[in-house]
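As provided, coords.pdb (PDB, C-alpha atoms, pLDDT in the B column) reads as follows.
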```pdb
ATOM      1  CA  MET A   1       3.934  -7.901   7.674  1.00 88.00           C
ATOM      2  CA  THR A   2       1.621  -4.928   7.427  1.00 92.00           C
ATOM      3  CA  THR A   3      -1.021  -4.158   4.815  1.00 95.00           C
ATOM      4  CA  TYR A   4      -0.946  -0.647   3.351  1.00 96.00           C
ATOM      5  CA  THR A   5      -3.582   1.131   1.303  1.00 96.00           C
ATOM      6  CA  ILE A   6      -2.074   3.414  -1.328  1.00 97.00           C
ATOM      7  CA  SER A   7      -4.190   6.272  -2.600  1.00 96.00           C
ATOM      8  CA  ASN A   8      -4.082   9.549  -4.463  1.00 95.00           C
ATOM      9  CA  ARG A   9      -4.732  12.175  -1.781  1.00 94.00           C
ATOM     10  CA  ILE A  10      -5.998  14.736  -4.295  1.00 93.00           C
ATOM     11  CA  SER A  11      -8.500  12.611  -6.231  1.00 94.00           C
ATOM     12  CA  GLY A  12      -9.246  10.176  -3.416  1.00 94.00           C
ATOM     13  CA  ILE A  13      -8.739   7.184  -5.719  1.00 96.00           C
ATOM     14  CA  THR A  14      -7.439   4.045  -4.025  1.00 97.00           C
ATOM     15  CA  LEU A  15      -4.583   2.565  -6.033  1.00 96.00           C
ATOM     16  CA  GLY A  16      -4.394  -0.718  -4.148  1.00 96.00           C
ATOM     17  CA  GLN A  17      -3.504  -2.578  -0.995  1.00 96.00           C
ATOM     18  CA  TYR A  18      -0.102  -4.174  -0.544  1.00 97.00           C
ATOM     19  CA  ASP A  19       1.510  -6.308   2.156  1.00 95.00           C
ATOM     20  CA  ALA A  20       4.971  -5.007   2.994  1.00 96.00           C
ATOM     21  CA  GLU A  21       7.357  -4.319   5.862  1.00 96.00           C
ATOM     22  CA  THR A  22       7.394  -0.547   5.200  1.00 96.00           C
ATOM     23  CA  PRO A  23       5.344   2.036   3.283  1.00 96.00           C
ATOM     24  CA  ALA A  24       8.255   2.411   0.817  1.00 97.00           C
ATOM     25  CA  GLN A  25       8.176  -1.312   0.076  1.00 97.00           C
ATOM     26  CA  ALA A  26       4.414  -1.085  -0.505  1.00 97.00           C
ATOM     27  CA  LEU A  27       4.973   1.725  -3.026  1.00 97.00           C
ATOM     28  CA  ASP A  28       7.610  -0.394  -4.785  1.00 97.00           C
ATOM     29  CA  ALA A  29       5.149  -3.317  -4.953  1.00 97.00           C
ATOM     30  CA  MET A  30       2.488  -1.071  -6.491  1.00 97.00           C
ATOM     31  CA  ALA A  31       4.983   0.184  -9.082  1.00 97.00           C
ATOM     32  CA  ARG A  32       6.015  -3.387  -9.968  1.00 97.00           C
ATOM     33  CA  ASP A  33       2.333  -4.257 -10.489  1.00 96.00           C
ATOM     34  CA  ALA A  34       2.216  -1.385 -12.987  1.00 96.00           C
ATOM     35  CA  GLY A  35       5.273  -2.712 -14.844  1.00 97.00           C
ATOM     36  CA  TYR A  36       8.032  -0.577 -13.338  1.00 97.00           C
ATOM     37  CA  ASP A  37      11.162  -1.750 -11.513  1.00 97.00           C
ATOM     38  CA  ASP A  38      10.323   0.333  -8.443  1.00 97.00           C
ATOM     39  CA  TYR A  39       8.466   3.434  -7.271  1.00 96.00           C
ATOM     40  CA  ALA A  40      11.355   5.749  -8.224  1.00 96.00           C
ATOM     41  CA  GLU A  41      11.145   4.604 -11.848  1.00 97.00           C
ATOM     42  CA  ALA A  42       7.361   5.057 -11.857  1.00 96.00           C
ATOM     43  CA  CYS A  43       7.773   8.611 -10.547  1.00 94.00           C
ATOM     44  CA  ALA A  44      10.347   9.369 -13.231  1.00 96.00           C
ATOM     45  CA  VAL A  45       7.859   8.332 -15.926  1.00 96.00           C
ATOM     46  CA  ALA A  46       4.703   9.741 -14.341  1.00 92.00           C
ATOM     47  CA  PRO A  47       5.627  12.365 -11.745  1.00 92.00           C
ATOM     48  CA  SER A  48       3.168  13.365  -9.048  1.00 88.00           C
ATOM     49  CA  ASP A  49       3.066  16.365  -6.748  1.00 89.00           C
ATOM     50  CA  ASN A  50       4.844  16.019  -3.427  1.00 87.00           C
ATOM     51  CA  GLY A  51       2.477  14.248  -1.025  1.00 87.00           C
ATOM     52  CA  GLU A  52      -0.058  13.374  -3.718  1.00 94.00           C
ATOM     53  CA  ILE A  53       0.419   9.610  -3.322  1.00 95.00           C
ATOM     54  CA  GLY A  54      -0.005   8.415   0.230  1.00 95.00           C
ATOM     55  CA  THR A  55       0.065   5.217   2.228  1.00 96.00           C
ATOM     56  CA  ALA A  56      -2.048   4.294   5.204  1.00 95.00           C
ATOM     57  CA  GLU A  57      -1.728   1.248   7.396  1.00 94.00           C
ATOM     58  CA  VAL A  58      -4.787  -0.982   7.243  1.00 92.00           C
ATOM     59  CA  TYR A  59      -6.186  -1.749  10.680  1.00 81.00           C
ATOM     60  CA  LYS A  60      -6.679  -5.449  11.267  1.00 74.00           C
ATOM     61  CA  PRO A  61      -8.361  -6.355  14.535  1.00 70.00           C
ATOM     62  CA  HIS A  62      -6.838  -9.275  16.383  1.00 64.00           C
ATOM     63  CA  ARG A  63      -8.800 -12.482  16.188  1.00 60.00           C
ATOM     64  CA  ARG A  64      -9.210 -14.748  19.147  1.00 62.00           C
ATOM     65  CA  ALA A  65      -9.535 -18.458  18.790  1.00 57.00           C
ATOM     66  CA  VAL A  66     -12.726 -19.714  20.344  1.00 60.00           C
ATOM     67  CA  CYS A  67     -12.730 -23.238  21.708  1.00 58.00           C
ATOM     68  CA  ARG A  68     -15.754 -25.088  22.968  1.00 58.00           C
ATOM     69  CA  ALA A  69     -15.738 -28.072  25.220  1.00 54.00           C
ATOM     70  CA  VAL A  70     -17.321 -31.077  23.558  1.00 50.00           C
TER      71      VAL A  70
END
```

As a first step, turn the structure in this file into structure tokens.
Amino acid sequence: MTTYTISNRISGITLGQYDAETPAQALDAMARDAGYDDYAEACAVAPSDNGEIGTAEVYKPHRRAVCRAV
């Protein structure tokens, strides 16, 4: 699963971070948090300009397990 940051590209406001398989699923999760069934319903109620709301994958560096001999 990937973490996505969702933001308004015009204002620069971050709307949240969501774990999802795809950016579309992350947008649906954000809309559900706001009380909508999905992102399409949220857009029908509060439309935004094309490209105004964007998703970006959050970079997570790999962690290595460190073992020490005792």

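Taking CA of Tyr18 in chain A and CA of Val58 in chain A as the two end points, the separation is 9.6 Å.
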
As AutoDock Vina command-line options, please report the centre and edge lengths, rounded to one decimal in Å, of the axis-aligned box that holds all listed atoms of range 14-18 of chain A with 8 Å of padding on each of the six sides.
```
--center_x -3.8 --center_y -0.1 --center_z -3.3 --size_x 23.3 --size_y 24.2 --size_z 21.5
```

Applying the PyMOL selection byres ((chain A and resi 60) around 12) to the file I just gave you, which residues come out? Please list them as a compact mmCIF listing (two decimals) with C-alpha atoms, in the coordinates of the input.
```
# COMPACT_ATOMS: atom_id res chain seq x y z
CA MET A 1 3.93 -7.90 7.67
CA THR A 2 1.62 -4.93 7.43
CA THR A 3 -1.02 -4.16 4.82
CA TYR A 4 -0.95 -0.65 3.35
CA GLU A 57 -1.73 1.25 7.40
CA VAL A 58 -4.79 -0.98 7.24
CA TYR A 59 -6.19 -1.75 10.68
CA PRO A 61 -8.36 -6.36 14.54
CA HIS A 62 -6.84 -9.28 16.38
CA ARG A 63 -8.80 -12.48 16.19
```

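Within 12 Å of Leu15 in chain A, once all atoms listed in the file are used and residues closer than 6 positions along the same chain are dropped, the contacting residues are Tyr4, Thr5, Ile6, Ser7, Asn8, Arg9, Ala26, Leu27, Ala29, Met30, Ala31, Asp33, Ala34, Glu52, Ile53, Gly54, Thr55 and Ala56 of chain A.
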
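Interatomic distance, CA of Ala24 in chain A against CA of Asp37 in chain A: 13.3 Å.
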
Inset, instruction - Can you work out the spacing between CA of Ile13 in chain A and CA of Glu41 in chain A in Å, to one decimal? - result: 21.0 Å
